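Read through the structure below, which is laid out as structure tokens, and then see the notes.
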Amino acid sequence: MQDITLNLTQRLTLTPQLKQSIEILALSHDDLQALVQEQTEANPFLELTKPNFSDKLVAGYHDDNKEDIFNLTSAKESYKQDLHKQLHIKKIDTRILAIIQYLIENLDDNGYLEEDLSELLEGLPSSANISLKEMQQALEILQTLDPIGIGARNTKECLILQIKYKMSANKLKKDLYLLAIEICAKFLDLVAKSQFNKLSKLLNKNIDEITQAIKFINTLNIYPVKEDVSQDSDYHITPDFFVKNNNHEWIIELNQDIMPKLSINNVYASSLNSLTADSIDYIKQKMQEANWLIKSLQQRFDTLLKVATLIIREQQSFFEHGSITMRPLVMQELADNLGIHVSTVSRALKSKYLQCPSGIYPLNYFLSSKLKTQVGGYISSKTIISCIEHIIKEESKPLSDEQIADYLKRQGIQVARRTIAKYRSQLGLPCAHIRKQK
């Protein structure tokens, strides 16, 4: 007699509504406007009133033609839309396909996947029962899409993905490619310092082989996606928020001009009472979709305002005294204070900008890691960077990274020499030896 067993398994069901809600929070201003325009054209229940745009564009960016932002969005397809299209021609299990689509919406503006897979996994409904192995499988497929390097977690992985792709197409240069992979995987810091002789000894390769490998590495793209806006004379950034001083307190306001003014078209809504049996299901579906989009947009701006308001509250001193007074602040702290998931904070920060009297800043500029001081407490990494910049600017003779570290130590700030070197490099400042030559 055969035993009959029944296995119950949970499948990932990213409903169109849930997927849309996730996408909407992470969208930049321009991409949001494109989505709203597309949905309005496809759904007769949606009515869009275009806002009257003011001259609140940040100084330093210009828009000579003052084109309507709704028209700008249709000029160029976003790279994420292209990735979704590439998936259509591949045979992928529907469960993995949904995960890949989720990963695509979490890529940053340069095509990197900044969040760990485990963190992204926590952002999915627990009922979906997704495993980390499935997330990894989805990422591997995503990284086969064009441009090569898409979905990389860091520069090292981005370069290695490109090298492996080239190696699969050209077996004759396999030795060169394998050497380049080893250099990228282990010794990018030596490449940055041009320490070719040291690389030669470590890898047991002659200097010509090392030079050829590095020359090849320099032809690769550091970013999977990188738009050159320097050639675009009409490029501007439209801020999502304005920060103003109100009775010695800095407050933040949503830029009302960029909020889509969506509503239900009353003419179509009133026709629901006279529907025929043939059309009632379709019309009701469109009505539900319209209501959901309006609700999702409101949730998006509510979440953005909550996150931005907390950032401004925590970084009040920045607006008075600059980045040297910034306090340590990480996404997890924001998430804990707001009672939301860290992945929600990450999406809220992505491609969002604020304008204040000193200029325009991406929201994630106000986040920084913390370093412990010798007298107790913590100091923001951005404060350290500002200190280094000030020290080098005011130096009478070039100070080495070790000397800068000693100076900060005397101020009660313990920073390793290699950390000084890293932050100095981020500032684009050369080492003391090169500064002496200037």
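Naming works like this for the structure tokens: A, B, ... for the chains as they're shown, residue 1 at the start of each chain, ligands 1 onward in shown order.
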
Give me, as an mmCIF file with N, CA and C atoms, in the first residue's frame, all polymer residues having an atom no more than 7 Å from Gly149 (chain A), counting only C-alpha atoms and skipping those fewer than 2 positions away in the same chain.
data_model
loop_
_atom_site.group_PDB
_atom_site.id
_atom_site.type_symbol
_atom_site.label_atom_id
_atom_site.label_comp_id
_atom_site.auth_asym_id
_atom_site.auth_seq_id
_atom_site.Cartn_x
_atom_site.Cartn_y
_atom_site.Cartn_z
ATOM 1 N N GLN A 143 23.399 39.397 -12.063
ATOM 2 C CA GLN A 143 24.749 39.823 -12.443
ATOM 3 C C GLN A 143 25.163 39.337 -13.825
ATOM 4 N N PRO A 147 24.278 46.258 -18.043
ATOM 5 C CA PRO A 147 25.736 46.235 -18.205
ATOM 6 C C PRO A 147 26.416 45.267 -17.248
ATOM 7 N N GLY A 151 24.682 44.894 -10.105
ATOM 8 C CA GLY A 151 24.407 44.096 -8.917
ATOM 9 C C GLY A 151 25.627 43.805 -8.068
ATOM 10 N N ALA A 152 26.769 44.378 -8.436
ATOM 11 C CA ALA A 152 27.977 44.190 -7.624
ATOM 12 C C ALA A 152 27.793 44.849 -6.263
ATOM 13 N N CYS A 158 32.634 44.402 -8.821
ATOM 14 C CA CYS A 158 32.269 44.988 -10.113
ATOM 15 C C CYS A 158 33.363 44.721 -11.150
ATOM 16 N N LEU A 159 34.610 44.921 -10.768
ATOM 17 C CA LEU A 159 35.738 44.700 -11.685
ATOM 18 C C LEU A 159 35.871 43.218 -12.024
ATOM 19 N N LEU A 161 33.596 40.850 -12.019
ATOM 20 C CA LEU A 161 32.515 40.421 -12.907
ATOM 21 C C LEU A 161 32.824 40.772 -14.356
ATOM 22 N N GLN A 162 33.376 41.961 -14.582
ATOM 23 C CA GLN A 162 33.738 42.375 -15.941
ATOM 24 C C GLN A 162 34.866 41.520 -16.508
ATOM 25 N N PRO A 224 28.945 50.125 -12.479
ATOM 26 C CA PRO A 224 28.151 49.441 -13.506
ATOM 27 C C PRO A 224 27.337 50.420 -14.346
#

message: Could you pull out the alpha helix (DSSP H) residues of region 140-324 of chain A, going by DSSP on the backbone, and write them as an MDAnalysis selection string?
response: chainID A and resid 140:142 155:169 174:186 188:192 196:203 207:217 266:270 280:314 316:321

Could the residues in this selection be saved with C-alpha atoms as a CSV table (one decimal), in the first residue's frame?
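selection-v3.csv, freshly written:
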chain,number,residue,atom,x,y,z
A,140,GLU,CA,23.8,35.5,-9.7
A,141,ILE,CA,21.3,35.8,-12.5
A,142,LEU,CA,21.0,39.5,-12.1
A,155,THR,CA,34.2,48.0,-6.6
A,156,LYS,CA,36.2,44.7,-6.3
A,157,GLU,CA,33.2,42.6,-7.3
A,158,CYS,CA,32.3,45.0,-10.1
A,159,LEU,CA,35.7,44.7,-11.7
A,160,ILE,CA,35.9,40.9,-11.3
A,161,LEU,CA,32.5,40.4,-12.9
A,162,GLN,CA,33.7,42.4,-15.9
A,163,ILE,CA,37.0,40.4,-16.1
A,164,LYS,CA,35.2,37.0,-15.9
A,165,TYR,CA,32.9,38.1,-18.7
A,166,LYS,CA,35.8,39.1,-20.9
A,167,MET,CA,37.6,35.8,-20.1
A,168,SER,CA,34.6,33.8,-21.2
A,169,ALA,CA,34.7,35.4,-24.6
A,174,LYS,CA,43.2,33.7,-19.8
A,175,ASP,CA,46.5,34.1,-17.9
A,176,LEU,CA,46.2,37.9,-18.1
A,177,TYR,CA,42.6,37.8,-16.9
A,178,LEU,CA,43.4,35.4,-14.0
A,179,LEU,CA,46.2,37.7,-12.8
A,180,ALA,CA,43.9,40.7,-13.0
A,181,ILE,CA,41.2,38.9,-11.0
A,182,GLU,CA,43.8,38.1,-8.3
A,183,ILE,CA,45.0,41.7,-8.2
A,184,CYS,CA,41.4,43.0,-7.9
A,185,ALA,CA,40.5,40.4,-5.2
A,186,LYS,CA,43.5,41.0,-2.9
A,188,LEU,CA,43.6,47.0,-5.1
A,189,ASP,CA,45.1,49.1,-2.3
A,190,LEU,CA,48.6,48.5,-3.8
A,191,VAL,CA,47.3,49.4,-7.3
A,192,ALA,CA,46.0,52.7,-5.9
A,196,PHE,CA,54.0,47.6,-8.8
A,197,ASN,CA,57.3,46.2,-7.6
A,198,LYS,CA,55.6,45.0,-4.4
A,199,LEU,CA,52.9,43.4,-6.4
A,200,SER,CA,55.5,41.7,-8.6
A,201,LYS,CA,57.1,40.1,-5.5
A,202,LEU,CA,53.8,39.1,-3.8
A,203,LEU,CA,52.4,37.4,-7.0
A,207,ILE,CA,56.9,43.6,-13.7
A,208,ASP,CA,55.8,43.5,-17.4
A,209,GLU,CA,53.0,41.1,-16.5
A,210,ILE,CA,51.9,43.2,-13.6
A,211,THR,CA,51.9,46.4,-15.7
A,212,GLN,CA,49.8,44.7,-18.4
A,213,ALA,CA,47.3,43.4,-15.9
A,214,ILE,CA,47.0,46.9,-14.3
A,215,LYS,CA,46.7,48.5,-17.7
A,216,PHE,CA,43.8,46.2,-18.5
A,217,ILE,CA,42.1,46.8,-15.1
A,266,ASN,CA,-15.4,61.9,-10.7
A,267,VAL,CA,-16.9,61.5,-14.2
A,268,TYR,CA,-15.6,57.9,-14.5
A,269,ALA,CA,-16.3,57.1,-10.8
A,270,SER,CA,-20.0,58.1,-11.1
A,280,ILE,CA,-17.9,45.6,-14.2
A,281,ASP,CA,-14.9,43.4,-13.2
A,282,TYR,CA,-12.4,45.3,-15.4
A,283,ILE,CA,-13.7,48.7,-14.3
A,284,LYS,CA,-13.6,47.8,-10.6
A,285,GLN,CA,-10.0,46.6,-11.0
A,286,LYS,CA,-9.0,49.9,-12.5
A,287,MET,CA,-10.7,51.7,-9.7
A,288,GLN,CA,-8.9,49.7,-7.1
A,289,GLU,CA,-5.6,50.3,-8.8
A,290,ALA,CA,-6.2,54.0,-8.9
A,291,ASN,CA,-7.0,54.1,-5.2
A,292,TRP,CA,-4.0,52.0,-4.4
A,293,LEU,CA,-1.6,54.2,-6.3
A,294,ILE,CA,-2.9,57.3,-4.5
A,295,LYS,CA,-2.6,55.6,-1.2
A,296,SER,CA,1.0,54.4,-2.0
A,297,LEU,CA,2.0,57.9,-3.0
A,298,GLN,CA,0.7,59.4,0.2
A,299,GLN,CA,2.6,56.7,2.2
A,300,ARG,CA,5.7,57.4,0.3
A,301,PHE,CA,5.7,61.1,1.2
A,302,ASP,CA,4.7,60.4,4.8
A,303,THR,CA,7.6,58.1,5.2
A,304,LEU,CA,10.1,60.4,3.4
A,305,LEU,CA,9.1,63.3,5.7
A,306,LYS,CA,9.4,61.2,8.8
A,307,VAL,CA,12.9,60.0,7.9
A,308,ALA,CA,14.1,63.5,6.7
A,309,THR,CA,12.6,65.2,9.8
A,310,LEU,CA,14.5,62.9,12.1
A,311,ILE,CA,17.7,63.5,10.2
A,312,ILE,CA,17.4,67.2,10.5
A,313,ARG,CA,16.5,67.0,14.2
A,314,GLU,CA,19.6,64.9,14.8
A,316,GLN,CA,20.8,70.6,13.7
A,317,SER,CA,24.4,71.7,14.4
A,318,PHE,CA,25.4,71.0,10.8
A,319,PHE,CA,23.2,73.8,9.5
A,320,GLU,CA,24.8,76.2,11.9
A,321,HIS,CA,28.4,75.2,11.9

Selection: 12 Å around Gly322 (chain A), only C-alpha atoms, excl. self and same-chain fewer than 4 positions, as an MDAnalysis selection string: chainID A and resid 315:318 326:327 356:359 366 382:383 385:387

- request: Find the residues around Thr49 (chain A) up to 12 Å (only C-alpha atoms counted), leave out those fewer than 5 positions away in its own chain, and share them as a list in words.
  value: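 The contact residues come out as Val36, Gln37, Thr40, Phe70, Asp257, Ile258, Met259, Pro260, Lys261, Leu262, Ser263, Ile264 and Asn265 of chain A.
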
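Here CA of Leu354 (chain A) and CA of Leu113 (chain A) stand 23.3 Å from one another.
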
All residues 7 Å or closer to Asp401 (chain A), only C-alpha atoms, same chain fewer than 3 positions away omitted, as a PyMOL selection string: chain A and resi 404-405+417+420-421

Output C-alpha atoms for every residue in that selection, as an mmCIF file, in the first residue's frame.
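Result written to selection28.cif:
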data_model
loop_
_atom_site.group_PDB
_atom_site.id
_atom_site.type_symbol
_atom_site.label_atom_id
_atom_site.label_comp_id
_atom_site.auth_asym_id
_atom_site.auth_seq_id
_atom_site.Cartn_x
_atom_site.Cartn_y
_atom_site.Cartn_z
ATOM 1 C CA ILE A 404 47.831 64.101 11.592
ATOM 2 C CA ALA A 405 46.807 61.032 13.614
ATOM 3 C CA ARG A 417 46.973 56.237 10.410
ATOM 4 C CA ILE A 420 43.571 59.105 8.046
ATOM 5 C CA ALA A 421 44.974 57.953 4.700
#

- request: Please indicate the distance in Å from CA of Ser396 (chain A) to CA of Gln195 (chain A), rounded to one decimal place.
  value: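 For CA of Ser396 (chain A) relative to CA of Gln195 (chain A), the distance reads 28.8 Å.
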
task: Using only C-alpha atoms, find the one residue out of A:Leu139, A:Leu145, A:Ala335, A:Val225 that sits nearest to Lys90 (chain A).
output: A:Leu145

query: Out of A:Glu402, A:Asp146, A:Glu115, A:Asp109, which residue has the shortest atom-to-atom distance to Leu83 (chain A) when counting only C-alpha atoms?
result: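 The answer is A:Asp146, which sits nearest to Leu83 (chain A).
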
Contacts of Phe242 (chain A) at 6 Å (only C-alpha atoms; same-chain gap of 6+ positions) as a PyMOL selection string: chain A and resi 252-253+354-355

Would you save the residues from that selection as a PDB file, in the first residue's frame, using N, CA and C atoms?
ATOM      1  N   ILE A 252      12.304  71.260   8.278  1.00  0.00           N
ATOM      2  CA  ILE A 252      12.306  70.744   6.911  1.00  0.00           C
ATOM      3  C   ILE A 252      10.893  70.731   6.352  1.00  0.00           C
ATOM      4  N   GLU A 253      10.790  71.049   5.067  1.00  0.00           N
ATOM      5  CA  GLU A 253       9.499  71.059   4.385  1.00  0.00           C
ATOM      6  C   GLU A 253       9.595  70.254   3.097  1.00  0.00           C
ATOM      7  N   LEU A 354      18.010  67.363  -0.371  1.00  0.00           N
ATOM      8  CA  LEU A 354      17.458  68.525   0.329  1.00  0.00           C
ATOM      9  C   LEU A 354      18.272  69.759  -0.014  1.00  0.00           C
ATOM     10  N   GLN A 355      17.610  70.895   0.016  1.00  0.00           N
ATOM     11  CA  GLN A 355      18.261  72.171  -0.247  1.00  0.00           C
ATOM     12  C   GLN A 355      18.235  73.010   1.027  1.00  0.00           C
TER      13      GLN A 355
END

field: Sel. of strand (DSSP E) residues, region 90-251 of chain A, as number ranges by chain
entry: A: 241-246, 249-251

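Our summary of the geometry notes that CA of Ser351 (chain A) is positioned 27.7 Å from CA of Ile388 (chain A).
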